[in-house]
file protein_16.cif (mmCIF, C-alpha atoms)
data_data
#
loop_
_atom_site.label_atom_id
_atom_site.label_comp_id
_atom_site.auth_asym_id
_atom_site.auth_seq_id
_atom_site.Cartn_x
_atom_site.Cartn_y
_atom_site.Cartn_z
CA MET E 1 0.00 0.00 0.00
CA THR E 2 1.39 3.40 -0.93
CA PRO E 3 1.77 5.90 1.91
CA LYS E 4 -0.68 8.79 2.20
CA VAL E 5 0.58 12.02 0.63
CA GLN E 6 -0.63 15.40 1.83
CA VAL E 7 0.59 18.99 1.91
CA GLY E 8 3.93 19.00 3.73
CA THR E 9 4.96 15.49 2.66
CA ILE E 10 8.61 15.15 1.67
CA LEU E 11 9.63 12.64 -0.99
CA ILE E 12 13.28 11.66 -1.27
CA GLU E 13 15.10 9.84 -4.01
CA GLU E 14 16.54 6.60 -2.71
CA ARG E 15 20.10 7.36 -1.60
CA PRO E 16 21.33 4.87 1.02
CA LEU E 17 24.26 7.01 2.22
CA ILE E 18 22.10 10.07 2.85
CA ALA E 19 19.49 7.99 4.69
CA GLN E 20 22.19 6.29 6.77
CA VAL E 21 24.11 9.44 7.70
CA LEU E 22 20.95 11.40 8.55
CA GLY E 23 19.05 8.47 10.09
CA LEU E 24 15.97 8.97 7.92
CA GLU E 25 13.09 6.52 7.91
CA SER E 26 11.08 6.26 4.73
CA GLU E 27 8.49 4.18 2.91
CA PRO E 28 8.62 3.30 -0.80
CA TYR E 29 6.30 5.45 -2.92
CA SER E 30 7.02 5.32 -6.65
CA GLY E 31 10.03 3.94 -8.47
CA ASN E 32 13.10 4.97 -6.51
CA TRP E 33 11.25 7.71 -4.60
CA ASN E 34 10.32 7.26 -0.93
CA VAL E 35 8.11 9.21 1.48
CA ILE E 36 9.98 10.37 4.58
CA LYS E 37 8.11 9.16 7.65
CA GLY E 38 7.18 11.45 10.54
CA LEU E 39 8.95 14.62 9.39
CA ASP E 40 7.74 17.73 7.60
CA GLY E 41 10.03 20.21 5.83
CA PHE E 42 10.91 22.19 8.97
CA SER E 43 11.65 19.13 11.12
CA LEU E 44 13.71 17.54 8.37
CA ASP E 45 15.62 20.79 7.87
CA ARG E 46 16.53 20.89 11.58
CA LYS E 47 17.62 17.26 11.53
CA ILE E 48 19.77 17.83 8.43
CA HIS E 49 21.42 20.96 9.87
CA THR E 50 22.10 19.17 13.17
CA ALA E 51 24.04 16.55 11.17
CA GLY E 52 26.08 19.34 9.52
CA TRP E 53 24.41 19.00 6.13
CA ASN E 54 22.26 21.43 4.12
CA PHE E 55 18.70 21.26 2.81
CA PHE E 56 18.14 23.55 -0.16
CA PHE E 57 14.76 24.97 -1.16
CA ILE E 58 14.36 25.59 -4.89
CA ALA E 59 12.07 28.59 -5.38
CA THR E 60 10.54 27.51 -8.69
CA GLU E 61 7.19 25.83 -8.10
CA VAL E 62 6.48 22.59 -9.97
CA LYS E 63 2.78 22.15 -10.74
CA VAL E 64 0.64 19.49 -12.43
CA MET E 65 -3.08 19.50 -13.14
CA ILE E 66 -5.15 16.32 -13.01
CA PHE E 67 -8.74 15.72 -14.10
CA GLY E 68 -11.13 14.03 -11.71
CA ALA E 69 -11.67 14.10 -7.98
CA ILE E 70 -8.80 14.16 -5.52
CA GLY E 71 -7.95 10.61 -4.61
CA ALA E 72 -4.86 8.59 -3.84
CA THR E 73 -4.65 7.27 -7.41
CA ASN E 74 -4.90 10.71 -9.04
CA ILE E 75 -2.42 12.26 -6.59
CA HIS E 76 -0.03 9.36 -7.19
CA SER E 77 -0.32 9.89 -10.96
CA ALA E 78 0.33 13.63 -10.59
CA LEU E 79 3.33 13.07 -8.33
CA LYS E 80 4.84 10.57 -10.76
CA ARG E 81 4.75 13.30 -13.42
CA ILE E 82 6.21 15.86 -11.03
CA LEU E 83 8.95 13.52 -9.78
CA GLU E 84 10.06 12.91 -13.36
CA LYS E 85 10.55 16.67 -13.76
CA VAL E 86 12.46 16.83 -10.45
CA ARG E 87 14.64 13.87 -11.46
CA GLN E 88 15.52 15.58 -14.75
CA GLN E 89 16.79 18.59 -12.75
CA ASN E 90 18.87 16.19 -10.61
CA PHE E 91 17.40 17.23 -7.25
CA ASN E 92 17.00 14.50 -4.62
CA CYS E 93 13.90 15.68 -2.71
CA PHE E 94 10.47 17.13 -3.34
CA GLU E 95 8.10 18.82 -0.90
CA VAL E 96 4.36 18.82 -1.64
CA THR E 97 3.08 22.35 -0.95
CA GLY E 98 -0.38 22.25 -2.49
CA ILE E 99 -3.21 19.88 -3.37
CA VAL E 100 -6.21 21.94 -4.47
CA ALA E 101 -9.53 20.63 -5.82
CA LYS E 102 -11.44 22.83 -8.27
CA ARG E 103 -14.30 22.65 -10.76
CA PHE E 104 -14.74 24.16 -14.19
CA LEU E 105 -18.20 23.92 -15.78
CA GLY E 106 -18.95 21.09 -13.35
CA VAL E 107 -15.84 19.08 -14.28
CA PRO E 108 -13.67 18.30 -11.26
CA TYR E 109 -9.93 18.76 -11.47
CA ALA E 110 -7.08 19.29 -9.06
CA THR E 111 -3.69 20.93 -8.99
CA VAL E 112 -0.79 19.28 -7.19
CA SER E 113 2.21 21.51 -6.61
CA GLY E 114 5.41 21.70 -4.67
CA HIS E 115 9.06 22.63 -4.65
CA SER E 116 12.21 20.72 -5.41
CA ARG E 117 14.52 20.30 -2.41
CA HIS E 118 18.08 19.06 -2.29
CA ILE E 119 20.12 17.47 0.50
CA GLN E 120 23.89 17.68 0.36
CA GLN E 121 26.84 18.20 2.66
CA SER E 122 28.27 21.30 0.95
CA CYS E 123 26.81 24.69 1.87
CA MET E 124 26.83 25.78 -1.78
CA LEU E 125 24.34 24.08 -4.09
CA ASP E 126 26.19 21.70 -6.38
CA GLY E 127 26.04 22.38 -10.09
CA VAL E 128 24.02 20.32 -12.52
CA GLN E 129 27.00 18.12 -13.40
CA GLU E 130 27.74 17.21 -9.76
CA ARG E 131 24.06 16.50 -9.06
CA GLN E 132 23.86 14.38 -12.21
CA THR E 133 26.91 12.38 -11.12
CA ALA E 134 25.32 11.83 -7.71
CA GLN E 135 22.03 10.80 -9.29
CA SER E 136 23.71 8.21 -11.48
CA GLY E 137 24.93 6.54 -8.31
CA ARG E 138 28.63 7.21 -8.64
CA LEU E 139 28.68 9.59 -5.64
CA GLU E 140 26.10 10.80 -3.11
CA ALA E 141 25.07 14.43 -3.60
CA GLY E 142 27.39 16.86 -1.91
CA VAL E 143 29.34 14.11 -0.16
CA ARG E 144 33.03 14.54 -0.67
CA PRO E 145 35.17 11.41 -1.22
CA ALA E 146 37.01 12.12 2.07
CA LEU E 147 33.73 11.77 3.99
CA ILE E 148 32.92 8.49 2.25
CA ARG E 149 36.39 7.15 3.05
CA SER E 150 36.11 8.24 6.71
CA ASN E 151 32.70 6.58 6.99
CA ASN E 152 34.13 3.38 5.48
CA LEU E 153 37.06 3.47 7.89
CA GLN E 154 34.72 3.91 10.85
CA SER E 155 32.56 0.99 9.73
CA ASP E 156 35.71 -1.15 9.27
CA LYS E 157 36.79 -0.34 12.84
CA ASN E 158 33.38 -1.42 14.15
CA ARG E 159 33.64 -4.87 12.55
#
call {"tool": "encode", "arguments": {"input": "protein_16.cif", "output": "structure tokens"}}
result
Amino acid sequence: MTPKVQVGTILIEERPLIAQVLGLESEPYSGNWNVIKGLDGFSLDRKIHTAGWNFFFIATEVKVMIFGAIGATNIHSALKRILEKVRQQNFNCFEVTGIVAKRFLGVPYATVSGHSRHIQQSCMLDGVQERQTAQSGRLEAGVRPALIRSNNLQSDKNR
């Protein structure tokens, strides 16, 4: 069963290192996107900053219109379309900021909107190329090789 999505829900692209370092719990939602459990944007931002990482808010709103009543299936369909746009921009998170039902000449439709977010260690947003490299799985976003090596060394010591 897919998790319930509402305004304030954060979806994160599956990145095991980010989830491990930040201690995030999530549920699978669509493809390689997960819903972060129990945290809204503000709580997640505090948790990320406490760990010494950064959580970027991308000002451009991403919006999709769907025909029909608001329901889990229609919202899921709209979010799949939105997440494809977010993935193309190489951002690793998305925050749902609006789910609005409307009618035009008696025909129901809804607008689902939100903002891309990005988690990384560096305090300056990585360029497209760095985010693309991270998305392809060769390196976690904003994580410098020295951090990965130090994490591997710590895990080797614990064995």
call {"tool": "residues_around", "arguments": {"input": "protein_16.cif", "residues": "Ile10 (chain E)", "least_positions_apart": "6", "cutoff": "8 Å", "atoms": "all atoms listed in the file", "output": "JSON, numbers by chain"}}
result
{"E": [35, 36, 39, 40, 41, 93, 94, 95, 96]}
call {"tool": "closest_residue", "arguments": {"input": "protein_16.cif", "among": "E:Glu61, E:Ser43, E:Leu22, E:Ser30", "to": "Ser77 (chain E)", "atoms": "only C-alpha atoms"}}
result
E:Ser30
call {"tool": "resolve_selection", "arguments": {"input": "protein_16.cif", "expression": "the PyMOL selection byres ((chain E and resi 119) around 10)", "output": "list in words"}}
result
Ile12, Ile18, Asp45, Ile48, Trp53, Asn54, Phe55, Phe56, Phe57, Phe91, Asn92, Cys93, Arg117, His118, Gln120, Gln121, Ser122, Cys123, Leu125, Glu140, Ala141, Gly142 and Val143 of chain E
call {"tool": "atom_distance", "arguments": {"input": "protein_16.cif", "atom1": "CA of Val7 (chain E)", "atom2": "CA of Phe104 (chain E)"}}
result
22.8 Å
call {"tool": "residues_around", "arguments": {"input": "protein_16.cif", "residues": "Thr2 (chain E)", "least_positions_apart": "6", "cutoff": "9 Å", "atoms": "all atoms listed in the file", "output": "list in words"}}
result
Glu27, Pro28, Tyr29, Ser30, Ala72 and His76 of chain E
call {"tool": "residues_around", "arguments": {"input": "protein_16.cif", "residues": "Thr111 (chain E)", "least_positions_apart": "2", "cutoff": "9 Å", "atoms": "all atoms listed in the file", "output": "PyMOL selection string"}}
result
chain E and resi 63-67+78+98-102+109+113
call {"tool": "closest_residue", "arguments": {"input": "protein_16.cif", "among": "E:Val86, E:Ile70, E:Val128, E:Leu11", "to": "Val112 (chain E)", "atoms": "only C-alpha atoms"}}
result
E:Ile70
call {"tool": "residues_around", "arguments": {"input": "protein_16.cif", "residues": "Ala59 (chain E)", "least_positions_apart": "6", "cutoff": "10 Å", "atoms": "only C-alpha atoms", "output": "PyMOL selection string"}}
result
chain E and resi 114-117
call {"tool": "closest_residue", "arguments": {"input": "protein_16.cif", "among": "E:Pro3, E:Ala51, E:Leu79, E:Asn34", "to": "Arg15 (chain E)", "atoms": "all atoms listed in the file"}}
result
E:Asn34
call {"tool": "atom_distance", "arguments": {"input": "protein_16.cif", "atom1": "CA of Gln132 (chain E)", "atom2": "CA of Lys85 (chain E)"}}
result
13.6 Å
call {"tool": "decode", "arguments": {"input": "protein_16.cif", "residues": "region 88-109 of chain E", "atoms": "N, CA and C atoms", "output": "compact mmCIF listing (two decimals), in the first residue's frame"}}
result
# COMPACT_ATOMS: atom_id res chain seq x y z
N GLN E 88 14.81 15.01 -13.61
CA GLN E 88 15.52 15.58 -14.75
C GLN E 88 16.39 16.77 -14.33
N GLN E 89 16.00 17.46 -13.27
CA GLN E 89 16.79 18.59 -12.75
C GLN E 89 17.86 18.12 -11.77
N ASN E 90 17.88 16.81 -11.48
CA ASN E 90 18.87 16.19 -10.61
C ASN E 90 18.79 16.64 -9.16
N PHE E 91 17.59 16.95 -8.66
CA PHE E 91 17.40 17.23 -7.25
C PHE E 91 16.95 15.95 -6.57
N ASN E 92 17.28 15.78 -5.29
CA ASN E 92 17.00 14.50 -4.62
C ASN E 92 15.80 14.51 -3.68
N CYS E 93 15.09 15.62 -3.57
CA CYS E 93 13.90 15.68 -2.71
C CYS E 93 12.81 16.53 -3.37
N PHE E 94 11.60 16.33 -2.90
CA PHE E 94 10.47 17.13 -3.34
C PHE E 94 9.52 17.31 -2.17
N GLU E 95 9.06 18.54 -1.97
CA GLU E 95 8.10 18.82 -0.90
C GLU E 95 6.76 19.22 -1.52
N VAL E 96 5.71 18.50 -1.15
CA VAL E 96 4.36 18.82 -1.64
C VAL E 96 3.87 20.05 -0.87
N THR E 97 3.54 21.12 -1.60
CA THR E 97 3.08 22.35 -0.95
C THR E 97 1.62 22.70 -1.27
N GLY E 98 1.01 21.96 -2.19
CA GLY E 98 -0.38 22.25 -2.49
C GLY E 98 -1.09 21.10 -3.18
N ILE E 99 -2.30 20.82 -2.71
CA ILE E 99 -3.21 19.88 -3.37
C ILE E 99 -4.57 20.57 -3.31
N VAL E 100 -5.01 21.11 -4.45
CA VAL E 100 -6.21 21.94 -4.47
C VAL E 100 -7.22 21.38 -5.46
N ALA E 101 -8.44 21.12 -4.96
CA ALA E 101 -9.53 20.63 -5.82
C ALA E 101 -10.31 21.83 -6.35
N LYS E 102 -10.67 21.76 -7.63
CA LYS E 102 -11.44 22.83 -8.27
C LYS E 102 -12.46 22.22 -9.22
N ARG E 103 -13.33 23.07 -9.75
CA ARG E 103 -14.30 22.65 -10.76
C ARG E 103 -14.36 23.72 -11.84
N PHE E 104 -14.53 23.26 -13.07
CA PHE E 104 -14.74 24.16 -14.19
C PHE E 104 -15.89 23.60 -15.01
N LEU E 105 -16.98 24.35 -15.10
CA LEU E 105 -18.20 23.92 -15.78
C LEU E 105 -18.66 22.55 -15.26
N GLY E 106 -18.52 22.34 -13.97
CA GLY E 106 -18.95 21.09 -13.35
C GLY E 106 -17.95 19.95 -13.43
N VAL E 107 -16.85 20.14 -14.14
CA VAL E 107 -15.84 19.08 -14.28
C VAL E 107 -14.80 19.24 -13.18
N PRO E 108 -14.65 18.19 -12.34
CA PRO E 108 -13.67 18.30 -11.26
C PRO E 108 -12.23 18.13 -11.77
N TYR E 109 -11.35 18.92 -11.20
CA TYR E 109 -9.93 18.76 -11.47
C TYR E 109 -9.16 19.21 -10.24
